[in-house]
$ cat my_file-v4.cif   # mmCIF, C-alpha atoms and all ligand atoms
data_model
#
loop_
_atom_site.label_atom_id
_atom_site.label_comp_id
_atom_site.auth_asym_id
_atom_site.auth_seq_id
_atom_site.Cartn_x
_atom_site.Cartn_y
_atom_site.Cartn_z
CA PRO A 238 -127.93 61.13 -13.57
CA PRO A 239 -130.43 62.32 -10.94
CA ASN A 240 -130.95 66.05 -10.66
CA LEU A 241 -129.60 66.55 -7.15
CA GLN A 242 -131.39 69.82 -6.57
CA MET A 243 -134.74 68.12 -7.40
CA VAL A 244 -133.98 65.10 -5.25
CA GLU A 245 -133.18 67.39 -2.33
CA GLU A 246 -136.51 69.14 -2.76
CA ASP A 247 -138.37 65.83 -3.16
CA LEU A 248 -136.89 64.65 0.08
CA GLY A 249 -137.96 67.83 1.79
CA LEU A 250 -134.42 69.03 2.23
CA GLU A 251 -135.57 72.56 1.72
CA ARG A 252 -133.55 73.71 4.64
CA VAL A 253 -130.38 73.27 2.62
CA ASN A 254 -131.81 75.51 -0.04
CA CYS A 255 -133.00 78.02 2.55
CA ARG A 256 -129.52 78.10 3.96
CA ALA A 257 -128.15 78.60 0.46
CA LYS A 258 -130.61 81.39 -0.32
CA GLY A 259 -130.35 83.14 3.02
CA ALA A 260 -126.67 82.56 3.58
CA SER A 261 -126.69 85.57 5.85
CA SER A 262 -123.84 84.68 8.16
CA GLY A 263 -121.11 84.29 5.61
CA PHE A 264 -119.94 85.29 2.17
CA LYS A 265 -121.11 84.16 -1.24
CA VAL A 266 -118.25 83.15 -3.48
CA ALA A 267 -118.22 82.08 -7.14
CA ILE A 268 -115.37 80.27 -8.86
CA LEU A 269 -115.38 80.59 -12.67
CA GLY A 270 -113.36 77.76 -14.20
CA ALA A 271 -114.07 75.58 -11.17
CA ALA A 272 -113.56 72.23 -12.94
CA GLY A 273 -109.97 72.96 -13.99
CA GLY A 274 -106.60 72.07 -12.56
CA ILE A 275 -106.66 75.10 -10.25
CA GLY A 276 -110.44 75.30 -9.99
CA GLN A 277 -110.96 71.88 -8.38
CA PRO A 278 -108.52 72.14 -5.45
CA LEU A 279 -109.51 75.81 -5.09
CA ALA A 280 -113.18 74.78 -4.82
CA MET A 281 -112.26 72.14 -2.26
CA LEU A 282 -110.28 74.58 -0.12
CA MET A 283 -113.00 77.25 -0.33
CA LYS A 284 -115.57 74.65 0.81
CA MET A 285 -113.39 74.28 3.92
CA ASN A 286 -113.34 78.04 4.59
CA PRO A 287 -115.70 78.91 7.47
CA LEU A 288 -116.21 82.44 6.09
CA VAL A 289 -117.97 81.02 3.01
CA SER A 290 -121.70 80.29 3.29
CA LEU A 291 -122.49 79.75 -0.39
CA LEU A 292 -120.08 78.48 -3.03
CA HIS A 293 -121.01 78.66 -6.72
CA LEU A 294 -118.94 76.48 -9.06
CA TYR A 295 -119.13 77.48 -12.73
CA ASP A 296 -117.40 75.93 -15.72
CA VAL A 297 -118.10 75.10 -19.34
CA VAL A 298 -117.37 71.40 -18.62
CA ASN A 299 -117.75 68.99 -15.69
CA ALA A 300 -119.20 71.49 -13.21
CA PRO A 301 -121.96 69.08 -12.05
CA GLY A 302 -119.40 66.36 -11.26
CA VAL A 303 -117.09 68.60 -9.30
CA THR A 304 -120.08 70.10 -7.48
CA ALA A 305 -121.54 66.72 -6.52
CA ASP A 306 -118.15 65.59 -5.25
CA ILE A 307 -117.37 68.70 -3.21
CA SER A 308 -120.92 69.05 -1.87
CA HIS A 309 -120.42 65.84 0.16
CA MET A 310 -117.79 67.48 2.36
CA ASP A 311 -119.28 68.04 5.82
CA THR A 312 -118.35 71.70 6.10
CA SER A 313 -120.93 74.48 6.35
CA ALA A 314 -120.74 76.14 2.91
CA VAL A 315 -123.59 75.20 0.58
CA VAL A 316 -122.32 74.30 -2.90
CA ARG A 317 -124.16 74.84 -6.20
CA GLY A 318 -122.95 73.98 -9.71
CA PHE A 319 -123.49 75.91 -12.94
CA LEU A 320 -122.66 74.55 -16.39
CA GLY A 321 -122.21 76.53 -19.58
CA GLN A 322 -122.77 80.08 -20.70
CA GLN A 323 -126.57 79.90 -20.24
CA GLN A 324 -126.05 79.39 -16.47
CA LEU A 325 -123.31 81.99 -16.03
CA GLU A 326 -125.60 84.78 -14.85
CA ASP A 327 -127.29 82.54 -12.26
CA ALA A 328 -123.84 81.63 -10.99
CA LEU A 329 -123.00 85.31 -10.42
CA ILE A 330 -126.14 86.93 -8.99
CA GLY A 331 -125.59 88.03 -5.39
CA MET A 332 -121.91 87.09 -5.15
CA ASP A 333 -119.56 88.96 -2.79
CA LEU A 334 -116.35 87.53 -4.28
CA VAL A 335 -115.69 86.08 -7.74
CA ILE A 336 -112.49 84.12 -8.36
CA ILE A 337 -111.47 83.52 -12.00
CA PRO A 338 -109.09 80.67 -12.84
CA ALA A 339 -110.79 80.01 -16.23
CA GLY A 340 -108.62 79.60 -19.29
CA VAL A 341 -105.80 77.57 -20.77
CA PRO A 342 -102.50 77.05 -18.92
CA ARG A 343 -98.95 77.00 -20.36
CA LYS A 344 -97.14 74.06 -21.91
CA PRO A 345 -93.33 73.81 -22.00
CA GLY A 346 -91.76 76.52 -24.16
CA MET A 347 -94.73 78.90 -23.84
CA THR A 348 -94.76 82.30 -22.17
CA ARG A 349 -97.82 83.53 -20.33
CA ASP A 350 -98.35 86.00 -23.16
CA ASP A 351 -98.79 83.07 -25.57
CA LEU A 352 -102.08 82.40 -23.74
CA PHE A 353 -103.42 85.86 -24.56
CA ASN A 354 -105.37 84.93 -27.69
CA ILE A 355 -107.55 82.39 -25.89
CA ASN A 356 -107.72 83.73 -22.34
CA ALA A 357 -108.34 87.40 -23.19
CA GLY A 358 -111.71 86.51 -24.73
CA ILE A 359 -112.65 84.22 -21.84
CA VAL A 360 -111.89 86.88 -19.21
CA LYS A 361 -113.73 89.52 -21.24
CA THR A 362 -116.89 87.40 -21.48
CA LEU A 363 -116.83 86.50 -17.79
CA CYS A 364 -116.29 90.11 -16.73
CA GLU A 365 -119.17 91.31 -18.92
CA ALA A 366 -121.43 88.97 -16.95
CA ILE A 367 -119.96 90.12 -13.61
CA ALA A 368 -120.60 93.76 -14.61
CA LYS A 369 -124.23 92.85 -15.23
CA CYS A 370 -124.95 90.49 -12.31
CA CYS A 371 -122.70 91.43 -9.38
CA PRO A 372 -120.92 94.72 -10.17
CA LYS A 373 -120.12 95.26 -6.48
CA ALA A 374 -118.30 91.93 -6.06
CA ILE A 375 -114.59 91.76 -5.37
CA VAL A 376 -112.96 90.07 -8.38
CA ASN A 377 -109.78 87.96 -8.05
CA ILE A 378 -108.21 87.31 -11.46
CA ILE A 379 -105.93 84.29 -11.80
CA SER A 380 -106.19 83.65 -15.57
CA ASN A 381 -102.97 84.45 -17.41
CA PRO A 382 -101.46 86.64 -18.66
CA VAL A 383 -102.50 88.47 -15.45
CA ASN A 384 -100.51 91.53 -16.59
CA SER A 385 -103.04 91.88 -19.44
CA THR A 386 -106.20 90.17 -18.10
CA VAL A 387 -106.55 92.67 -15.21
CA PRO A 388 -106.48 95.66 -17.64
CA ILE A 389 -109.00 93.72 -19.79
CA ALA A 390 -111.31 93.33 -16.79
CA ALA A 391 -110.95 97.02 -15.94
CA GLU A 392 -111.81 98.08 -19.51
CA VAL A 393 -114.86 95.81 -19.59
CA PHE A 394 -116.10 97.29 -16.29
CA LYS A 395 -115.41 100.84 -17.53
CA LYS A 396 -117.43 100.16 -20.69
CA ALA A 397 -120.30 98.93 -18.52
CA GLY A 398 -119.97 102.01 -16.27
CA VAL A 399 -119.24 99.96 -13.14
CA PHE A 400 -115.44 100.06 -12.81
CA ASP A 401 -114.27 100.36 -9.23
CA PRO A 402 -110.47 100.08 -9.12
CA LYS A 403 -110.68 98.91 -5.51
CA ARG A 404 -112.52 95.75 -6.50
CA VAL A 405 -110.44 94.29 -9.33
CA LEU A 406 -107.37 92.41 -8.14
CA GLY A 407 -104.85 90.33 -10.08
CA VAL A 408 -103.66 87.41 -7.96
CA THR A 409 -99.86 87.48 -7.62
CA MET A 410 -99.91 85.61 -4.32
CA LEU A 411 -98.19 82.55 -5.81
CA ASP A 412 -95.09 84.67 -6.50
CA VAL A 413 -95.06 85.69 -2.83
CA VAL A 414 -95.69 82.11 -1.67
CA ARG A 415 -92.78 80.88 -3.81
CA ALA A 416 -90.51 83.72 -2.68
CA ASN A 417 -91.26 82.98 0.99
CA THR A 418 -90.52 79.28 0.42
CA PHE A 419 -87.26 79.76 -1.50
CA VAL A 420 -85.92 82.39 0.94
CA ALA A 421 -86.83 80.19 3.91
CA GLU A 422 -85.03 77.27 2.25
CA ILE A 423 -81.70 79.00 1.84
CA MET A 424 -81.86 80.86 5.18
CA GLY A 425 -82.95 77.78 7.16
CA LEU A 426 -86.15 79.52 8.34
CA ASP A 427 -89.75 78.37 8.73
CA PRO A 428 -91.52 79.68 5.58
CA ARG A 429 -94.48 80.80 7.69
CA GLU A 430 -92.24 83.38 9.35
CA VAL A 431 -90.90 84.82 6.09
CA ASP A 432 -92.47 87.76 4.25
CA VAL A 433 -91.03 88.73 0.87
CA PRO A 434 -92.67 91.66 -0.93
CA VAL A 435 -92.98 90.82 -4.66
CA VAL A 436 -93.97 93.78 -6.82
CA GLY A 437 -94.43 94.62 -10.52
CA GLY A 438 -96.52 92.02 -12.30
CA HIS A 439 -96.91 88.29 -12.86
CA ALA A 440 -94.61 87.17 -15.70
CA GLY A 441 -90.84 86.72 -16.00
CA VAL A 442 -88.92 89.93 -15.37
CA THR A 443 -92.06 91.75 -14.25
CA ILE A 444 -91.99 89.57 -11.11
CA LEU A 445 -89.75 91.69 -8.89
CA PRO A 446 -88.92 90.31 -5.44
CA LEU A 447 -87.69 93.02 -3.07
CA LEU A 448 -85.11 90.96 -1.21
CA SER A 449 -83.78 94.05 0.59
CA GLN A 450 -87.14 94.28 2.39
CA VAL A 451 -87.52 90.65 3.49
CA LYS A 452 -88.87 90.10 6.98
CA PRO A 453 -87.23 88.94 9.17
CA LEU A 454 -84.28 91.05 8.05
CA CYS A 455 -81.96 88.81 5.98
CA SER A 456 -78.68 89.68 4.40
CA PHE A 457 -77.96 87.83 1.16
CA THR A 458 -74.78 87.48 -0.88
CA GLN A 459 -74.98 88.67 -4.51
CA LYS A 460 -74.91 85.02 -5.56
CA GLU A 461 -77.92 84.30 -3.36
CA ILE A 462 -79.76 87.35 -4.71
CA ASP A 463 -79.15 86.24 -8.32
CA TYR A 464 -80.26 82.69 -7.52
CA LEU A 465 -83.39 83.76 -5.61
CA THR A 466 -84.47 86.39 -8.13
CA ASP A 467 -84.09 83.94 -11.01
CA ARG A 468 -85.92 81.13 -9.19
CA ILE A 469 -88.80 83.37 -8.08
CA GLN A 470 -89.20 84.84 -11.58
CA ASN A 471 -89.12 81.40 -13.19
CA GLY A 472 -90.93 79.37 -10.52
CA GLY A 473 -93.93 78.93 -12.83
CA THR A 474 -91.72 77.66 -15.65
CA GLU A 475 -90.03 75.22 -13.25
CA VAL A 476 -93.46 73.62 -12.66
CA VAL A 477 -94.50 73.77 -16.34
CA GLU A 478 -91.31 71.91 -17.32
CA ALA A 479 -91.62 69.34 -14.53
CA LYS A 480 -95.23 68.64 -15.58
CA ALA A 481 -93.94 68.21 -19.15
CA GLY A 482 -97.08 69.16 -21.05
CA ALA A 483 -99.64 68.31 -18.36
CA GLY A 484 -100.20 71.94 -17.38
CA SER A 485 -98.82 74.55 -15.01
CA ALA A 486 -98.98 75.12 -11.24
CA THR A 487 -102.38 74.05 -9.94
CA LEU A 488 -102.02 72.85 -6.33
CA SER A 489 -99.67 75.57 -5.08
CA MET A 490 -101.78 78.05 -7.07
CA ALA A 491 -105.00 76.85 -5.43
CA TYR A 492 -103.28 77.23 -2.05
CA ALA A 493 -102.14 80.76 -2.95
CA ALA A 494 -105.56 81.68 -4.37
CA VAL A 495 -107.28 80.59 -1.17
CA LYS A 496 -104.76 82.44 0.97
CA PHE A 497 -105.60 85.57 -1.03
CA ALA A 498 -109.37 84.98 -1.18
CA ASP A 499 -109.45 84.36 2.57
CA ALA A 500 -107.65 87.69 3.09
CA CYS A 501 -110.26 89.43 0.89
CA LEU A 502 -113.09 87.86 2.92
CA ARG A 503 -111.52 88.73 6.27
CA ALA A 504 -111.16 92.31 5.02
CA LEU A 505 -114.80 92.35 3.85
CA ARG A 506 -115.77 91.19 7.34
CA GLY A 507 -113.97 94.23 8.74
CA ASP A 508 -110.67 92.79 9.99
CA ALA A 509 -107.94 95.41 10.29
CA ALA A 510 -104.40 95.29 8.88
CA VAL A 511 -105.00 92.80 6.07
CA VAL A 512 -102.01 93.53 3.84
CA HIS A 513 -100.90 91.52 0.79
CA CYS A 514 -99.29 92.04 -2.59
CA ALA A 515 -101.71 92.23 -5.53
CA TYR A 516 -101.73 93.55 -9.11
CA VAL A 517 -104.15 96.48 -9.14
CA ALA A 518 -104.95 99.86 -10.70
CA SER A 519 -102.23 101.90 -9.05
CA ALA A 520 -100.43 105.23 -8.93
CA VAL A 521 -97.30 103.76 -7.32
CA THR A 522 -95.46 104.10 -10.67
CA GLU A 523 -96.36 105.92 -13.88
CA LEU A 524 -98.04 102.72 -15.14
CA PRO A 525 -101.83 102.38 -14.69
CA PHE A 526 -101.47 98.90 -13.13
CA PHE A 527 -98.80 97.59 -10.81
CA ALA A 528 -98.42 94.93 -8.12
CA SER A 529 -97.37 96.06 -4.67
CA LYS A 530 -98.49 95.71 -1.09
CA VAL A 531 -102.09 96.80 -0.59
CA ARG A 532 -104.29 97.04 2.47
CA LEU A 533 -107.62 95.28 1.98
CA GLY A 534 -110.82 96.42 3.63
CA ARG A 535 -114.61 96.37 3.34
CA ASN A 536 -114.46 97.94 -0.14
CA GLY A 537 -111.54 95.96 -1.52
CA VAL A 538 -108.24 97.81 -1.90
CA GLU A 539 -108.30 100.59 0.72
CA GLU A 540 -104.68 101.68 0.49
CA ILE A 541 -101.74 101.04 -1.85
CA TYR A 542 -98.32 101.23 -0.24
CA PRO A 543 -95.30 102.76 -1.98
CA LEU A 544 -92.44 100.45 -2.93
CA GLY A 545 -90.15 101.65 -0.16
CA PRO A 546 -86.38 102.07 -0.50
CA LEU A 547 -84.92 99.99 -3.37
CA ASN A 548 -81.26 99.13 -3.85
CA ASP A 549 -79.48 99.52 -7.22
CA TYR A 550 -80.17 95.91 -8.22
CA GLU A 551 -83.89 96.34 -7.53
CA ARG A 552 -84.02 99.73 -9.27
CA ALA A 553 -82.55 98.13 -12.41
CA GLY A 554 -85.06 95.28 -12.12
CA LEU A 555 -87.89 97.80 -11.75
CA GLU A 556 -86.95 99.52 -15.03
CA LYS A 557 -86.98 96.19 -16.90
CA ALA A 558 -90.27 95.21 -15.28
CA LYS A 559 -91.96 98.49 -16.16
CA LYS A 560 -90.88 98.26 -19.80
CA GLU A 561 -92.45 94.84 -20.27
CA LEU A 562 -95.51 95.68 -18.16
CA ALA A 563 -96.31 98.77 -20.22
CA GLY A 564 -96.66 96.61 -23.35
CA SER A 565 -98.77 93.96 -21.62
CA ILE A 566 -101.13 96.57 -20.17
CA GLN A 567 -101.51 98.27 -23.54
CA LYS A 568 -102.23 94.94 -25.20
CA GLY A 569 -105.07 94.25 -22.75
CA VAL A 570 -106.58 97.71 -23.05
CA SER A 571 -106.48 97.62 -26.88
CA PHE A 572 -108.10 94.17 -26.92
CA VAL A 573 -111.28 95.57 -25.34
CA LYS A 574 -111.20 98.94 -27.10
CA LYS A 575 -110.72 97.56 -30.64
P1 LIG B 601 -107.08 74.12 -16.76
O1 LIG B 601 -107.10 74.02 -18.25
O2 LIG B 601 -106.77 72.91 -15.96
O3 LIG B 601 -108.49 74.66 -16.25
C1 LIG B 601 -109.11 75.77 -16.80
C2 LIG B 601 -110.61 75.60 -16.67
O4 LIG B 601 -111.22 76.75 -17.25
C3 LIG B 601 -111.15 74.36 -17.40
O5 LIG B 601 -111.95 73.59 -16.52
C4 LIG B 601 -111.97 74.96 -18.52
O6 LIG B 601 -113.12 74.18 -18.86
C5 LIG B 601 -112.37 76.29 -17.91
N1 LIG B 601 -112.83 77.24 -18.90
C6 LIG B 601 -112.40 77.45 -20.19
N2 LIG B 601 -113.13 78.39 -20.77
C7 LIG B 601 -114.03 78.82 -19.86
C8 LIG B 601 -115.06 79.78 -19.87
N3 LIG B 601 -115.31 80.50 -20.95
N4 LIG B 601 -115.78 79.95 -18.74
C9 LIG B 601 -115.53 79.20 -17.63
N5 LIG B 601 -114.57 78.29 -17.57
C10 LIG B 601 -113.84 78.10 -18.66
O7 LIG B 601 -106.08 75.31 -16.38
P2 LIG B 601 -105.47 75.66 -14.93
O8 LIG B 601 -104.22 74.93 -14.74
O9 LIG B 601 -106.55 75.54 -13.93
O10 LIG B 601 -105.07 77.21 -15.15
C11 LIG B 601 -106.07 78.19 -15.32
C12 LIG B 601 -105.44 79.55 -15.58
O11 LIG B 601 -104.70 80.01 -14.44
C13 LIG B 601 -104.45 79.56 -16.75
O12 LIG B 601 -104.66 80.72 -17.52
C14 LIG B 601 -103.11 79.64 -16.05
O13 LIG B 601 -102.12 80.22 -16.86
C15 LIG B 601 -103.44 80.51 -14.86
N6 LIG B 601 -102.49 80.46 -13.76
C16 LIG B 601 -102.28 81.61 -13.04
C17 LIG B 601 -101.40 81.65 -12.00
C18 LIG B 601 -101.21 82.92 -11.23
O14 LIG B 601 -100.28 82.97 -10.40
N7 LIG B 601 -102.02 83.94 -11.38
C19 LIG B 601 -100.62 80.46 -11.63
C20 LIG B 601 -100.95 79.29 -12.38
C21 LIG B 601 -101.84 79.31 -13.44
#
$ encode --input "my_file-v4.cif" --output "structure tokens" --more "lines below"
Ligand code: NAI
Amino acid sequence: PPNLQMVEEDLGLERVNCRAKGASSGFKVAILGAAGGIGQPLAMLMKMNPLVSLLHLYDVVNAPGVTADISHMDTSAVVRGFLGQQQLEDALIGMDLVIIPAGVPRKPGMTRDDLFNINAGIVKTLCEAIAKCCPKAIVNIISNPVNSTVPIAAEVFKKAGVFDPKRVLGVTMLDVVRANTFVAEIMGLDPREVDVPVVGGHAGVTILPLLSQVKPLCSFTQKEIDYLTDRIQNGGTEVVEAKAGAGSATLSMAYAAVKFADACLRALRGDAAVVHCAYVASAVTELPFFASKVRLGRNGVEEIYPLGPLNDYERAGLEKAKKELAGSIQKGVSFVKK
């Protein structure tokens, strides 16, 4: 196949490269795992984001194909592809935001923790390169188990002496997106108007929707609360089972990832009041990591909000969530320390 970068230069299309190199009026974003089920639609949606001036697509397979395809979209972001470990550092140099959906997804019958053995090593390797090439970048971690991969990232950055807890964020936006959708469905509302805080983590009982704090104010029966809590906690499994071996959520996840990445970029630009749930280093509970509402700003996480008043049902859920989270966090930390 022709080397597109060379052809561009041969044809004198240096301006594209200048725009890519300069890229002054926008943000530089890398997606690691860009050829995957999440990576491809995520890359497409980020190419459509006017805040992005340069989009780096990295994967260990098929990155040139996805890059060629997406680069034909007539939106302003310049797209560059990077294939394999030897191009990882080039993919990362100068990036403002790095999004990581690299790793294997679940098959029916698997928990997110079953992915640990493969994905922990992938996230560790990628974060070592981020620590070296763009230690100031905001990092959005999608790879599961998020409850453990975020502590892994933090440990890697600590080892390299570059850990900034404001800049490492586990993406739990899909839980919020699902919660908004399911609540809107049973209340007959437009999902765009619904805001459900989902705290804790991103797996089973650690996904804790705070239905007492839904906006607009909704009052649910106990039956509705049981139904909603169960469906939100098991939304991922619902998709895994429906796909019957062909993977887990990819399209709704790409949508959620872009919603979150766009919020991070707007905050980097200086927009005020950018508030979303994310799984971050936190002092909201006694655990070192926890998902709750955070305010994003020019440096990443500027403020972490307390959980607010919980009812008895939510307090019981919180205890269960914390118990499981503690183990997942420890597992991630030990993986890097061992
Ligand atoms: P996929 O298997 O379709 O794609 C993963 C991609 O990662 C592949 O293209 C693969 O080549 C690439 N990859 C593997 N090793 C790599 C490495 N060392 N460096 C760079 N790229 C590498 O999987 P899918 O469906 O895209 O899911 C990706 C991850 O996202 C899974 O761990 C999944 O569990 C997780 N996920 C997280 C969600 C969340 O809410 N945070 C929701 C849904 C999935």
$ atom_distance --input "my_file-v4.cif" --atom1 "CA of Gln470 (chain A)" --atom2 "CA of Thr348 (chain A)"
12.2 Å
$ residues_around --input "my_file-v4.cif" --residues "Val303 (chain A)" --least-positions-apart "3" --cutoff "10 Å" --atoms "all atoms listed in the file" --output "list in words"
Ala271, Ala272, Gly273, Gly276, Gln277, Ala280, Met281, Leu294, Tyr295, Asp296, Val298, Asn299, Ala300, Asp306, Ile307, Ser308, Arg317 and Gly318 of chain A
$ write_last_selection --input "my_file-v4.cif" --atoms "C-alpha atoms" --output "tab-separated table (two decimals), keeping the file's coordinate frame"
chain	number	residue	atom	x	y	z
A	271	ALA	CA	-114.07	75.58	-11.17
A	272	ALA	CA	-113.56	72.23	-12.94
A	273	GLY	CA	-109.97	72.96	-13.99
A	276	GLY	CA	-110.44	75.30	-9.99
A	277	GLN	CA	-110.96	71.88	-8.38
A	280	ALA	CA	-113.18	74.78	-4.82
A	281	MET	CA	-112.26	72.14	-2.26
A	294	LEU	CA	-118.94	76.48	-9.06
A	295	TYR	CA	-119.13	77.48	-12.73
A	296	ASP	CA	-117.40	75.93	-15.72
A	298	VAL	CA	-117.37	71.40	-18.62
A	299	ASN	CA	-117.75	68.99	-15.69
A	300	ALA	CA	-119.20	71.49	-13.21
A	306	ASP	CA	-118.15	65.59	-5.25
A	307	ILE	CA	-117.37	68.70	-3.21
A	308	SER	CA	-120.92	69.05	-1.87
A	317	ARG	CA	-124.16	74.84	-6.20
A	318	GLY	CA	-122.95	73.98	-9.71
$ atom_distance --input "my_file-v4.cif" --atom1 "atom O13 of ligand LIG 601 (chain B)" --atom2 "CA of Leu279 (chain A)"
14.6 Å
$ residues_around --input "my_file-v4.cif" --residues "Ala510 (chain A)" --least-positions-apart "6" --cutoff "10 Å" --atoms "only C-alpha atoms" --output "ChimeraX atom specification"
/A:504,531-534
$ residues_around --input "my_file-v4.cif" --residues "region 484-499 of chain A" --least-positions-apart "6" --cutoff "8 Å" --atoms "all atoms listed in the file" --output "list in words"
Gly274, Ile275, Gly276, Pro278, Leu279, Leu282, Met283, Asn286, Leu288, Ile336, Pro342, Arg343, Lys344, Asn377, Ile379, Val408, Met410, Leu411, Val414, Gly473, Thr474, Val476, Val477 and His513 of chain A
$ residues_around --input "my_file-v4.cif" --residues "Val266 (chain A)" --least-positions-apart "3" --cutoff "7 Å" --atoms "all atoms listed in the file" --output "list in words"
Val289, Leu291, Leu292, His293, Met332, Asp333, Leu334 and Val335 of chain A
$ closest_residue --input "my_file-v4.cif" --among "A:Gly302, A:Gly340, A:Pro287, A:Pro453" --to "ligand LIG 601 (chain B)" --atoms "only C-alpha atoms and all ligand atoms"
A:Gly340
$ closest_residue --input "my_file-v4.cif" --among "A:Pro301, A:Pro543, A:Pro402, A:Gly270" --to "ligand LIG 601 (chain B)" --atoms "only C-alpha atoms and all ligand atoms"
A:Gly270
$ closest_residue --input "my_file-v4.cif" --among "A:Val573, A:Met285, A:Ala515, A:Ala397" --to "ligand LIG 601 (chain B)" --atoms "all atoms listed in the file"
A:Ala515
$ atom_distance --input "my_file-v4.cif" --atom1 "CA of Val517 (chain A)" --atom2 "CA of Lys403 (chain A)"
7.9 Å
$ closest_residue --input "my_file-v4.cif" --among "A:Val451, A:Val431, A:Ile330, A:Ala440" --to "Met347 (chain A)" --atoms "all atoms listed in the file"
A:Ala440
$ closest_atom_pairs --input "my_file-v4.cif" --of "region 381-475 of chain A" --to "region 555-569 of chain A" --cutoff "6 Å" --atoms "all atoms listed in the file" --output "JSON lines"
{"residue": "A:Asn384", "atom": "CA", "partner": "A:Ser565", "partner_atom": "CA", "distance": 5.9}
{"residue": "A:Ser385", "atom": "CA", "partner": "A:Gly569", "partner_atom": "CA", "distance": 4.5}
{"residue": "A:Pro388", "atom": "CA", "partner": "A:Gly569", "partner_atom": "CA", "distance": 5.5}
{"residue": "A:Ile389", "atom": "CA", "partner": "A:Gly569", "partner_atom": "CA", "distance": 4.9}
{"residue": "A:Val442", "atom": "CA", "partner": "A:Ala558", "partner_atom": "CA", "distance": 5.5}
{"residue": "A:Thr443", "atom": "CA", "partner": "A:Ala558", "partner_atom": "CA", "distance": 4.0}
$ write_last_selection --input "my_file-v4.cif" --atoms "C-alpha atoms" --output "mmCIF file, in the frame of the given file"
data_model
loop_
_atom_site.group_PDB
_atom_site.id
_atom_site.type_symbol
_atom_site.label_atom_id
_atom_site.label_comp_id
_atom_site.auth_asym_id
_atom_site.auth_seq_id
_atom_site.Cartn_x
_atom_site.Cartn_y
_atom_site.Cartn_z
ATOM 1 C CA ASN A 384 -100.510 91.530 -16.590
ATOM 2 C CA SER A 385 -103.040 91.880 -19.440
ATOM 3 C CA PRO A 388 -106.480 95.660 -17.640
ATOM 4 C CA ILE A 389 -109.000 93.720 -19.790
ATOM 5 C CA VAL A 442 -88.920 89.930 -15.370
ATOM 6 C CA THR A 443 -92.060 91.750 -14.250
#
$ closest_residue --input "my_file-v4.cif" --among "A:Lys575, A:Lys530, A:His439, A:Arg552" --to "ligand LIG 601 (chain B)" --atoms "all atoms listed in the file"
A:His439
$ closest_residue --input "my_file-v4.cif" --among "A:Val433, A:Cys371, A:Pro446, A:Val570" --to "Ala391 (chain A)" --atoms "only C-alpha atoms"
A:Val570
$ residues_near_point --input "my_file-v4.cif" --point "(-118.5, 96.4, -14.7)" --cutoff "9 Å" --atoms "all atoms listed in the file" --output "CSV table (one decimal) with C-alpha atoms, in the coordinates of the input"
chain,number,residue,atom,x,y,z
A,364,CYS,CA,-116.3,90.1,-16.7
A,365,GLU,CA,-119.2,91.3,-18.9
A,366,ALA,CA,-121.4,89.0,-17.0
A,367,ILE,CA,-120.0,90.1,-13.6
A,368,ALA,CA,-120.6,93.8,-14.6
A,369,LYS,CA,-124.2,92.8,-15.2
A,371,CYS,CA,-122.7,91.4,-9.4
A,372,PRO,CA,-120.9,94.7,-10.2
A,373,LYS,CA,-120.1,95.3,-6.5
A,390,ALA,CA,-111.3,93.3,-16.8
A,391,ALA,CA,-111.0,97.0,-15.9
A,392,GLU,CA,-111.8,98.1,-19.5
A,393,VAL,CA,-114.9,95.8,-19.6
A,394,PHE,CA,-116.1,97.3,-16.3
A,395,LYS,CA,-115.4,100.8,-17.5
A,396,LYS,CA,-117.4,100.2,-20.7
A,397,ALA,CA,-120.3,98.9,-18.5
A,398,GLY,CA,-120.0,102.0,-16.3
A,399,VAL,CA,-119.2,100.0,-13.1
A,400,PHE,CA,-115.4,100.1,-12.8
A,401,ASP,CA,-114.3,100.4,-9.2
$ residues_around --input "my_file-v4.cif" --residues "Thr458 (chain A)" --least-positions-apart "2" --cutoff "12 Å" --atoms "only C-alpha atoms" --output "compact mmCIF listing (two decimals) with C-alpha atoms, in the coordinates of the input"
# COMPACT_ATOMS: atom_id res chain seq x y z
CA ILE A 423 -81.70 79.00 1.84
CA MET A 424 -81.86 80.86 5.18
CA LEU A 448 -85.11 90.96 -1.21
CA SER A 449 -83.78 94.05 0.59
CA CYS A 455 -81.96 88.81 5.98
CA SER A 456 -78.68 89.68 4.40
CA LYS A 460 -74.91 85.02 -5.56
CA GLU A 461 -77.92 84.30 -3.36
CA ILE A 462 -79.76 87.35 -4.71
CA ASP A 463 -79.15 86.24 -8.32
CA TYR A 464 -80.26 82.69 -7.52
CA LEU A 465 -83.39 83.76 -5.61
